[in-house]
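Text of entry-v8.pdb (PDB, C-alpha atoms, pLDDT in the B column) as supplied:
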```pdb
ATOM      1  CA  GLN I   8     176.667 102.390 131.509  1.00 89.00           C
ATOM      2  CA  MET I   9     176.937  98.665 132.096  1.00 93.00           C
ATOM      3  CA  PRO I  10     175.321  97.067 135.162  1.00 93.00           C
ATOM      4  CA  GLN I  11     177.285  95.328 137.935  1.00 93.00           C
ATOM      5  CA  VAL I  12     175.907  91.922 136.883  1.00 96.00           C
ATOM      6  CA  PRO I  13     176.549  90.260 133.487  1.00 97.00           C
ATOM      7  CA  VAL I  14     174.258  91.314 130.647  1.00 97.00           C
ATOM      8  CA  GLU I  15     172.713  88.101 129.316  1.00 97.00           C
ATOM      9  CA  GLN I  16     171.699  89.225 125.846  1.00 96.00           C
ATOM     10  CA  SER I  17     173.153  90.733 122.713  1.00 96.00           C
ATOM     11  CA  LEU I  18     173.696  94.494 122.721  1.00 96.00           C
ATOM     12  CA  TYR I  19     172.678  96.043 119.399  1.00 95.00           C
ATOM     13  CA  VAL I  20     173.542  99.743 119.003  1.00 96.00           C
ATOM     14  CA  ILE I  21     171.946 101.446 115.998  1.00 97.00           C
ATOM     15  CA  GLY I  22     172.854 105.079 115.411  1.00 97.00           C
ATOM     16  CA  GLY I  23     174.244 107.409 118.001  1.00 96.00           C
ATOM     17  CA  ARG I  24     177.371 109.514 118.104  1.00 97.00           C
ATOM     18  CA  ASN I  25     180.447 109.212 120.311  1.00 97.00           C
ATOM     19  CA  ILE I  26     179.475 106.039 122.159  1.00 97.00           C
ATOM     20  CA  ILE I  27     181.589 105.062 125.155  1.00 97.00           C
ATOM     21  CA  MET I  28     181.332 101.683 126.897  1.00 97.00           C
ATOM     22  CA  ILE I  29     183.828 101.091 129.699  1.00 96.00           C
ATOM     23  CA  GLY I  30     183.735  97.929 131.764  1.00 97.00           C
ATOM     24  CA  GLY I  31     181.115  95.254 131.957  1.00 97.00           C
ATOM     25  CA  HIS I  32     180.442  91.645 131.169  1.00 98.00           C
ATOM     26  CA  ILE I  33     178.233  90.288 128.373  1.00 98.00           C
ATOM     27  CA  SER I  34     177.557  86.580 128.846  1.00 98.00           C
ATOM     28  CA  ILE I  35     175.242  84.982 126.279  1.00 98.00           C
ATOM     29  CA  PRO I  36     173.373  82.010 127.813  1.00 97.00           C
ATOM     30  CA  TRP I  37     171.538  79.355 125.760  1.00 97.00           C
ATOM     31  CA  GLN I  38     169.151  81.259 123.466  1.00 96.00           C
ATOM     32  CA  GLY I  39     166.838  78.394 122.512  1.00 95.00           C
ATOM     33  CA  ASP I  40     166.689  75.989 119.593  1.00 94.00           C
ATOM     34  CA  GLY I  41     165.691  78.475 116.881  1.00 91.00           C
ATOM     35  CA  ALA I  42     167.907  81.357 118.044  1.00 94.00           C
ATOM     36  CA  SER I  43     169.186  83.837 115.469  1.00 94.00           C
ATOM     37  CA  ILE I  44     172.847  84.716 115.058  1.00 93.00           C
ATOM     38  CA  ARG I  45     172.001  88.260 116.191  1.00 94.00           C
ATOM     39  CA  SER I  46     170.660  86.984 119.517  1.00 96.00           C
ATOM     40  CA  ARG I  47     173.945  85.096 120.027  1.00 97.00           C
ATOM     41  CA  THR I  48     176.199  88.103 119.253  1.00 97.00           C
ATOM     42  CA  MET I  49     177.977  90.032 122.009  1.00 98.00           C
ATOM     43  CA  LEU I  50     177.990  93.547 120.459  1.00 98.00           C
ATOM     44  CA  ILE I  51     176.746  94.992 117.176  1.00 97.00           C
ATOM     45  CA  PHE I  52     177.437  98.583 116.099  1.00 97.00           C
ATOM     46  CA  ARG I  53     175.496  99.859 113.109  1.00 97.00           C
ATOM     47  CA  GLU I  54     175.172 103.352 111.613  1.00 96.00           C
ATOM     48  CA  THR I  55     177.031 104.985 114.509  1.00 97.00           C
ATOM     49  CA  THR I  56     179.138 108.110 113.931  1.00 97.00           C
ATOM     50  CA  GLY I  57     181.962 109.921 115.680  1.00 98.00           C
ATOM     51  CA  THR I  58     183.927 107.606 117.964  1.00 98.00           C
ATOM     52  CA  VAL I  59     182.779 104.255 119.325  1.00 98.00           C
ATOM     53  CA  HIS I  60     185.003 103.339 122.295  1.00 98.00           C
ATOM     54  CA  VAL I  61     184.693  99.900 123.919  1.00 98.00           C
ATOM     55  CA  GLU I  62     187.069  99.283 126.824  1.00 98.00           C
ATOM     56  CA  GLY I  63     187.435  96.665 129.539  1.00 98.00           C
ATOM     57  CA  VAL I  64     184.520  94.479 128.434  1.00 98.00           C
ATOM     58  CA  LEU I  65     184.430  90.682 128.814  1.00 98.00           C
ATOM     59  CA  GLY I  66     182.340  88.614 126.397  1.00 98.00           C
ATOM     60  CA  ASP I  67     181.589  84.912 126.887  1.00 98.00           C
ATOM     61  CA  GLY I  68     178.744  82.494 127.543  1.00 98.00           C
ATOM     62  CA  ALA I  69     177.388  79.083 126.677  1.00 97.00           C
ATOM     63  CA  ASP I  70     175.795  80.314 123.427  1.00 97.00           C
ATOM     64  CA  ILE I  71     178.075  83.154 122.265  1.00 97.00           C
ATOM     65  CA  SER I  72     178.459  82.787 118.501  1.00 96.00           C
ATOM     66  CA  GLU I  73     179.818  86.219 117.518  1.00 97.00           C
ATOM     67  CA  GLY I  74     181.961  88.770 119.304  1.00 98.00           C
ATOM     68  CA  ILE I  75     181.826  92.324 117.950  1.00 98.00           C
ATOM     69  CA  GLN I  76     180.258  93.136 114.568  1.00 97.00           C
ATOM     70  CA  ILE I  77     180.804  96.524 112.949  1.00 96.00           C
ATOM     71  CA  ASP I  78     178.772  98.297 110.268  1.00 96.00           C
ATOM     72  CA  ALA I  79     179.639 101.935 110.985  1.00 96.00           C
ATOM     73  CA  PRO I  80     181.336 103.525 107.957  1.00 95.00           C
ATOM     74  CA  ASP I  81     181.276 106.995 109.584  1.00 96.00           C
ATOM     75  CA  ALA I  82     182.706 105.977 112.976  1.00 97.00           C
ATOM     76  CA  VAL I  83     186.178 105.464 114.381  1.00 97.00           C
ATOM     77  CA  VAL I  84     185.824 102.217 116.344  1.00 97.00           C
ATOM     78  CA  GLN I  85     188.229 101.692 119.244  1.00 98.00           C
ATOM     79  CA  ILE I  86     188.368  98.328 121.006  1.00 98.00           C
ATOM     80  CA  GLN I  87     190.700  98.427 123.987  1.00 98.00           C
ATOM     81  CA  ASN I  88     191.475  95.938 126.736  1.00 98.00           C
ATOM     82  CA  VAL I  89     188.615  93.637 125.649  1.00 98.00           C
ATOM     83  CA  ARG I  90     188.476  89.851 126.039  1.00 98.00           C
ATOM     84  CA  ILE I  91     186.074  87.565 124.174  1.00 98.00           C
ATOM     85  CA  GLU I  92     186.223  83.882 125.066  1.00 98.00           C
ATOM     86  CA  ASN I  93     185.021  80.724 123.317  1.00 96.00           C
ATOM     87  CA  VAL I  94     183.105  82.212 120.390  1.00 97.00           C
ATOM     88  CA  HIS I  95     181.638  79.102 118.781  1.00 95.00           C
ATOM     89  CA  ALA I  96     179.111  77.626 116.403  1.00 94.00           C
ATOM     90  CA  ARG I  97     176.599  75.084 117.589  1.00 94.00           C
ATOM     91  CA  ASP I  98     177.575  72.841 114.664  1.00 92.00           C
ATOM     92  CA  GLN I  99     181.340  72.610 115.032  1.00 87.00           C
ATOM     93  CA  ASN I 100     181.716  70.086 112.211  1.00 86.00           C
ATOM     94  CA  GLY I 101     179.910  71.650 109.251  1.00 89.00           C
ATOM     95  CA  PHE I 102     179.361  75.160 110.684  1.00 90.00           C
ATOM     96  CA  THR I 103     175.892  75.174 109.164  1.00 89.00           C
ATOM     97  CA  ASP I 104     174.520  77.610 111.759  1.00 89.00           C
ATOM     98  CA  ASN I 105     177.291  80.244 111.694  1.00 90.00           C
ATOM     99  CA  HIS I 106     180.914  81.115 110.924  1.00 92.00           C
ATOM    100  CA  PRO I 107     181.789  82.773 114.265  1.00 95.00           C
ATOM    101  CA  ASP I 108     184.173  85.751 114.413  1.00 96.00           C
ATOM    102  CA  LEU I 109     185.802  87.512 117.348  1.00 98.00           C
ATOM    103  CA  ILE I 110     185.656  90.871 115.542  1.00 97.00           C
ATOM    104  CA  GLN I 111     184.064  91.332 112.115  1.00 95.00           C
ATOM    105  CA  VAL I 112     184.084  94.595 110.181  1.00 92.00           C
ATOM    106  CA  TYR I 113     181.475  93.681 107.570  1.00 89.00           C
ATOM    107  CA  GLY I 114     180.040  97.131 106.797  1.00 91.00           C
ATOM    108  CA  ASN I 115     183.208  99.178 107.195  1.00 91.00           C
ATOM    109  CA  ALA I 116     184.315 101.849 109.664  1.00 94.00           C
ATOM    110  CA  ALA I 117     186.123 105.160 109.201  1.00 94.00           C
ATOM    111  CA  GLN I 118     188.976 103.547 111.145  1.00 95.00           C
ATOM    112  CA  VAL I 119     189.368 100.531 113.437  1.00 96.00           C
ATOM    113  CA  ARG I 120     191.779 100.651 116.385  1.00 97.00           C
ATOM    114  CA  ILE I 121     192.301  97.485 118.412  1.00 98.00           C
ATOM    115  CA  ASP I 122     194.664  97.531 121.400  1.00 98.00           C
ATOM    116  CA  ARG I 123     195.131  94.902 124.135  1.00 98.00           C
ATOM    117  CA  PHE I 124     192.567  92.480 122.742  1.00 98.00           C
ATOM    118  CA  THR I 125     192.405  88.787 123.692  1.00 98.00           C
ATOM    119  CA  GLY I 126     190.085  86.144 122.312  1.00 98.00           C
ATOM    120  CA  SER I 127     189.458  82.525 121.379  1.00 96.00           C
ATOM    121  CA  SER I 128     187.289  81.206 118.540  1.00 95.00           C
ATOM    122  CA  ASP I 129     186.314  77.902 116.980  1.00 92.00           C
ATOM    123  CA  TYR I 130     186.144  79.392 113.468  1.00 92.00           C
ATOM    124  CA  GLN I 131     187.528  82.898 112.769  1.00 92.00           C
ATOM    125  CA  GLY I 132     189.357  85.571 114.718  1.00 94.00           C
ATOM    126  CA  LEU I 133     189.619  88.991 113.078  1.00 94.00           C
ATOM    127  CA  MET I 134     187.529  89.251 109.894  1.00 91.00           C
ATOM    128  CA  PHE I 135     188.404  92.353 107.910  1.00 88.00           C
ATOM    129  CA  GLN I 136     186.575  91.748 104.653  1.00 83.00           C
ATOM    130  CA  VAL I 137     184.130  94.570 104.079  1.00 82.00           C
ATOM    131  CA  ASP I 138     180.993  93.311 102.332  1.00 84.00           C
ATOM    132  CA  PHE I 139     179.709  96.817 101.525  1.00 83.00           C
ATOM    133  CA  ASN I 140     180.559 100.515 102.094  1.00 84.00           C
ATOM    134  CA  GLY I 141     184.099  99.885 100.775  1.00 79.00           C
ATOM    135  CA  PRO I 142     186.888 100.317 100.166  1.00 78.00           C
ATOM    136  CA  GLN I 143     188.031  99.454 103.639  1.00 80.00           C
ATOM    137  CA  LYS I 144     189.623 102.139 105.801  1.00 87.00           C
ATOM    138  CA  PRO I 145     192.773 101.884 108.008  1.00 89.00           C
ATOM    139  CA  ILE I 146     193.002  99.250 110.734  1.00 92.00           C
ATOM    140  CA  TYR I 147     195.429  99.246 113.665  1.00 96.00           C
ATOM    141  CA  VAL I 148     195.915  96.055 115.698  1.00 96.00           C
ATOM    142  CA  LEU I 149     198.250  96.408 118.683  1.00 97.00           C
ATOM    143  CA  ARG I 150     199.109  94.130 121.611  1.00 98.00           C
ATOM    144  CA  THR I 151     196.615  91.469 120.580  1.00 97.00           C
ATOM    145  CA  ASN I 152     196.573  87.722 121.147  1.00 96.00           C
ATOM    146  CA  MET I 153     194.135  85.163 119.825  1.00 96.00           C
ATOM    147  CA  ARG I 154     193.838  81.428 120.338  1.00 94.00           C
ATOM    148  CA  SER I 155     192.241  79.123 117.823  1.00 91.00           C
ATOM    149  CA  LEU I 156     190.125  76.345 119.290  1.00 90.00           C
ATOM    150  CA  PRO I 157     190.551  72.867 117.737  1.00 88.00           C
ATOM    151  CA  THR I 158     188.040  73.388 114.895  1.00 87.00           C
ATOM    152  CA  ALA I 159     189.177  76.945 114.021  1.00 87.00           C
ATOM    153  CA  ARG I 160     189.684  77.933 110.411  1.00 86.00           C
ATOM    154  CA  TYR I 161     191.023  81.468 109.869  1.00 87.00           C
ATOM    155  CA  MET I 162     192.220  83.602 112.746  1.00 89.00           C
ATOM    156  CA  TRP I 163     193.150  86.492 110.463  1.00 86.00           C
ATOM    157  CA  TRP I 164     191.172  87.296 107.303  1.00 83.00           C
ATOM    158  CA  VAL I 165     191.700  90.297 105.027  1.00 79.00           C
ATOM    159  CA  ARG I 166     190.458  90.968 101.547  1.00 68.00           C
ATOM    160  CA  PRO I 167     193.255  90.070  99.113  1.00 64.00           C
ATOM    161  CA  ASP I 168     192.452  92.632  96.400  1.00 66.00           C
ATOM    162  CA  GLY I 169     192.835  96.390  95.927  1.00 61.00           C
ATOM    163  CA  ASN I 170     190.006  97.117  98.383  1.00 64.00           C
ATOM    164  CA  ALA I 171     191.967  95.785 101.349  1.00 68.00           C
ATOM    165  CA  ALA I 172     192.595  98.181 104.213  1.00 73.00           C
ATOM    166  CA  PRO I 173     195.994  99.500 105.157  1.00 82.00           C
ATOM    167  CA  ILE I 174     196.735  97.519 108.320  1.00 87.00           C
ATOM    168  CA  VAL I 175     199.274  98.280 111.035  1.00 91.00           C
ATOM    169  CA  LEU I 176     200.262  95.370 113.293  1.00 91.00           C
ATOM    170  CA  ARG I 177     202.337  95.521 116.455  1.00 96.00           C
ATOM    171  CA  ASP I 178     202.751  92.704 118.998  1.00 97.00           C
ATOM    172  CA  VAL I 179     200.084  90.450 117.487  1.00 94.00           C
ATOM    173  CA  TRP I 180     200.148  86.802 118.594  1.00 94.00           C
ATOM    174  CA  LEU I 181     198.212  83.834 117.230  1.00 92.00           C
ATOM    175  CA  GLU I 182     198.105  80.471 118.924  1.00 91.00           C
ATOM    176  CA  VAL I 183     197.006  78.040 116.241  1.00 89.00           C
ATOM    177  CA  SER I 184     195.554  74.664 117.115  1.00 81.00           C
ATOM    178  CA  PRO I 185     198.140  71.925 116.490  1.00 81.00           C
ATOM    179  CA  ASN I 186     195.708  69.994 114.289  1.00 77.00           C
ATOM    180  CA  ARG I 187     195.107  73.003 111.983  1.00 76.00           C
ATOM    181  CA  ARG I 188     195.919  71.912 108.439  1.00 73.00           C
ATOM    182  CA  ASP I 189     198.839  73.989 107.114  1.00 79.00           C
ATOM    183  CA  GLY I 190     199.526  75.392 110.626  1.00 79.00           C
ATOM    184  CA  LEU I 191     199.920  79.133 111.044  1.00 80.00           C
ATOM    185  CA  GLY I 192     200.074  79.722 107.272  1.00 78.00           C
ATOM    186  CA  GLY I 193     196.658  78.118 106.855  1.00 79.00           C
ATOM    187  CA  ALA I 194     195.155  80.183 109.678  1.00 81.00           C
ATOM    188  CA  VAL I 195     196.075  83.552 108.121  1.00 82.00           C
TER     189      VAL I 195
END
```

Output the file's structure as structure tokens, nothing else.
Amino acid sequence: QMPQVPVEQSLYVIGGRNIIMIGGHISIPWQGDGASIRSRTMLIFRETTGTVHVEGVLGDGADISEGIQIDAPDAVVQIQNVRIENVHARDQNGFTDNHPDLIQVYGNAAQVRIDRFTGSSDYQGLMFQVDFNGPQKPIYVLRTNMRSLPTARYMWWVRPDGNAAPIVLRDVWLEVSPNRRDGLGGAV
């Protein structure tokens, strides 16, 4: 259960079954000069099982560098009515500290369901390239809109080979920065 005031640190959930998070605000303030990426991440789910349901959560803050990271190959992850604003690297020229993502499924999930999601990022939006525990499982993205900030690179990233997930899209909107080289085609 989330408190009535914003949580000012990363929430890292390891293990557990059938996790439900409804409502709340995670606002990552400045984490210090040597801060890790993990300390600047809104939510991390790792080794969870059953269903992980995140609904009605706002993520933002002066030092938010990652939105939601998923490494839960035995969980159905549902992200509903969530907004993550201004995910950004500290180095917005070379991105030497991080390649920020709104949602990254790096360790797979049994299924990912995203509905009514909104976010803005200075680098990447939805990152669906599983680094391990592949091949990737089905992904559903419904009623979603993302805005790329001026330095953004890829707002939609999927693995282009035979390990890519089957993806269902419905009412997905991308607002690409006007100075993005190759426009919308370069952002996907």

Once you count all atoms listed in the file, what closest atom pair and distance in Å to one decimal does each residue of region 112-194 of chain I within 10 Å of region 88-101 of chain I have, with rows by chain and rising residue number, as a Markdown table?
```
| residue | atom | partner | partner_atom | distance |
| --- | --- | --- | --- | --- |
| I:Ile121 | CA | I:Asn88 | CA | 8.5 |
| I:Asp122 | CA | I:Asn88 | CA | 6.4 |
| I:Arg123 | CA | I:Asn88 | CA | 4.6 |
| I:Phe124 | CA | I:Val89 | CA | 5.0 |
| I:Thr125 | CA | I:Arg90 | CA | 4.7 |
| I:Gly126 | CA | I:Ile91 | CA | 4.6 |
| I:Ser127 | CA | I:Glu92 | CA | 5.1 |
| I:Ser128 | CA | I:Val94 | CA | 4.7 |
| I:Asp129 | CA | I:His95 | CA | 5.2 |
| I:Tyr130 | CA | I:His95 | CA | 7.0 |
| I:Gln131 | CA | I:Val94 | CA | 8.8 |
| I:Gly132 | CA | I:Val94 | CA | 9.1 |
| I:Arg150 | CA | I:Asn88 | CA | 9.4 |
| I:Thr151 | CA | I:Asn88 | CA | 9.2 |
| I:Asn152 | CA | I:Arg90 | CA | 9.7 |
| I:Met153 | CA | I:Ile91 | CA | 9.5 |
| I:Arg154 | CA | I:Glu92 | CA | 9.3 |
| I:Ser155 | CA | I:Asn93 | CA | 9.2 |
| I:Leu156 | CA | I:Asn93 | CA | 7.8 |
| I:Pro157 | CA | I:Gln99 | CA | 9.6 |
| I:Thr158 | CA | I:Gln99 | CA | 6.7 |
| I:Ala159 | CA | I:Gln99 | CA | 9.0 |
```

In Å to one decimal, how far is CA of Ile86 (chain I) from CA of Arg177 (chain I)?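 Value for the CA of Arg177 (chain I)-CA of Ile86 (chain I) distance: 15.0 Å.
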
Have a look at I:Leu65, I:Val175, I:Ile77, I:Ala42 and name the one nearest to Val20 (chain I); count all atoms listed in the file.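 Of I:Leu65, I:Val175, I:Ile77, I:Ala42, the one nearest Val20 (chain I), counting all atoms listed in the file, is I:Ile77.
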
Could you jot down the CA of Ile174 (chain I) to CA of Gly30 (chain I) separation for me, Å, one decimal place?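 Going from CA of Ile174 (chain I) over to CA of Gly30 (chain I) covers 26.8 Å.
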
Contacts of Arg188 (chain I) at 12 Å (only C-alpha atoms; same-chain gap of 4+ positions) as number ranges by chain: I: 157-161, 183-184, 192-195

Which residues would end up in the selection if the PyMOL selection byres ((chain I and resi 16) around 9) were applied here, given that I need the answer as a VMD selection string? chain I and resid 14 to 15 17 to 18 33 to 36 38 46 to 49

Store the residues of this selection in a file with C-alpha atoms, as a compact mmCIF listing (two decimals), in the coordinates of the input.
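Final file, selection.txt:
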```txt
# COMPACT_ATOMS: atom_id res chain seq x y z
CA VAL I 14 174.26 91.31 130.65
CA GLU I 15 172.71 88.10 129.32
CA SER I 17 173.15 90.73 122.71
CA LEU I 18 173.70 94.49 122.72
CA ILE I 33 178.23 90.29 128.37
CA SER I 34 177.56 86.58 128.85
CA ILE I 35 175.24 84.98 126.28
CA PRO I 36 173.37 82.01 127.81
CA GLN I 38 169.15 81.26 123.47
CA SER I 46 170.66 86.98 119.52
CA ARG I 47 173.94 85.10 120.03
CA THR I 48 176.20 88.10 119.25
CA MET I 49 177.98 90.03 122.01
```

Using only C-alpha atoms, which protein or nucleic acid residues come within 9 Å of Asn115 (chain I)? Drop anything in the same chain fewer than 3 positions from it, and give the result as a PDB file with C-alpha atoms, in the coordinates of the input.
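Written out: around.pdb:
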```pdb
ATOM      1  CA  ILE I  77     180.804  96.524 112.949  1.00 96.00           C
ATOM      2  CA  ASP I  78     178.772  98.297 110.268  1.00 96.00           C
ATOM      3  CA  ALA I  79     179.639 101.935 110.985  1.00 96.00           C
ATOM      4  CA  PRO I  80     181.336 103.525 107.957  1.00 95.00           C
ATOM      5  CA  ASP I  81     181.276 106.995 109.584  1.00 96.00           C
ATOM      6  CA  ALA I  82     182.706 105.977 112.976  1.00 97.00           C
ATOM      7  CA  VAL I 112     184.084  94.595 110.181  1.00 92.00           C
ATOM      8  CA  GLN I 118     188.976 103.547 111.145  1.00 95.00           C
ATOM      9  CA  VAL I 119     189.368 100.531 113.437  1.00 96.00           C
ATOM     10  CA  PHE I 135     188.404  92.353 107.910  1.00 88.00           C
ATOM     11  CA  GLN I 136     186.575  91.748 104.653  1.00 83.00           C
ATOM     12  CA  VAL I 137     184.130  94.570 104.079  1.00 82.00           C
ATOM     13  CA  ASP I 138     180.993  93.311 102.332  1.00 84.00           C
ATOM     14  CA  PHE I 139     179.709  96.817 101.525  1.00 83.00           C
ATOM     15  CA  ASN I 140     180.559 100.515 102.094  1.00 84.00           C
ATOM     16  CA  GLY I 141     184.099  99.885 100.775  1.00 79.00           C
ATOM     17  CA  PRO I 142     186.888 100.317 100.166  1.00 78.00           C
ATOM     18  CA  GLN I 143     188.031  99.454 103.639  1.00 80.00           C
ATOM     19  CA  LYS I 144     189.623 102.139 105.801  1.00 87.00           C
TER      20      LYS I 144
END
```

What gap, in Å, lies between CA of Arg24 (chain I) and CA of Val59 (chain I)?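 So the two atoms, CA of Arg24 (chain I) and CA of Val59 (chain I), lie 7.6 Å apart.
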
Could you state which residues are captured by the PyMOL selection byres ((chain I and resi 22) around 8) in this file, as an mmCIF file with C-alpha atoms, in the coordinates of the input?
```
data_model
loop_
_atom_site.group_PDB
_atom_site.id
_atom_site.type_symbol
_atom_site.label_atom_id
_atom_site.label_comp_id
_atom_site.auth_asym_id
_atom_site.auth_seq_id
_atom_site.Cartn_x
_atom_site.Cartn_y
_atom_site.Cartn_z
ATOM 1 C CA VAL I 20 173.542 99.743 119.003
ATOM 2 C CA ILE I 21 171.946 101.446 115.998
ATOM 3 C CA GLY I 23 174.244 107.409 118.001
ATOM 4 C CA ARG I 24 177.371 109.514 118.104
ATOM 5 C CA PHE I 52 177.437 98.583 116.099
ATOM 6 C CA ARG I 53 175.496 99.859 113.109
ATOM 7 C CA GLU I 54 175.172 103.352 111.613
ATOM 8 C CA THR I 55 177.031 104.985 114.509
ATOM 9 C CA THR I 56 179.138 108.110 113.931
#
```

Would you write out, as number ranges by chain, every residue that the PyMOL selection byres ((chain I and resi 8-12) around 8) captures in this file? I: 13-14, 28-32

Considering only C-alpha atoms, can you say which of I:Val83, I:Ile146, I:Leu50, I:Ile44 comes closest to Pro107 (chain I)?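 Once distances to Pro107 (chain I) are computed over only C-alpha atoms, the minimum belongs to I:Ile44.
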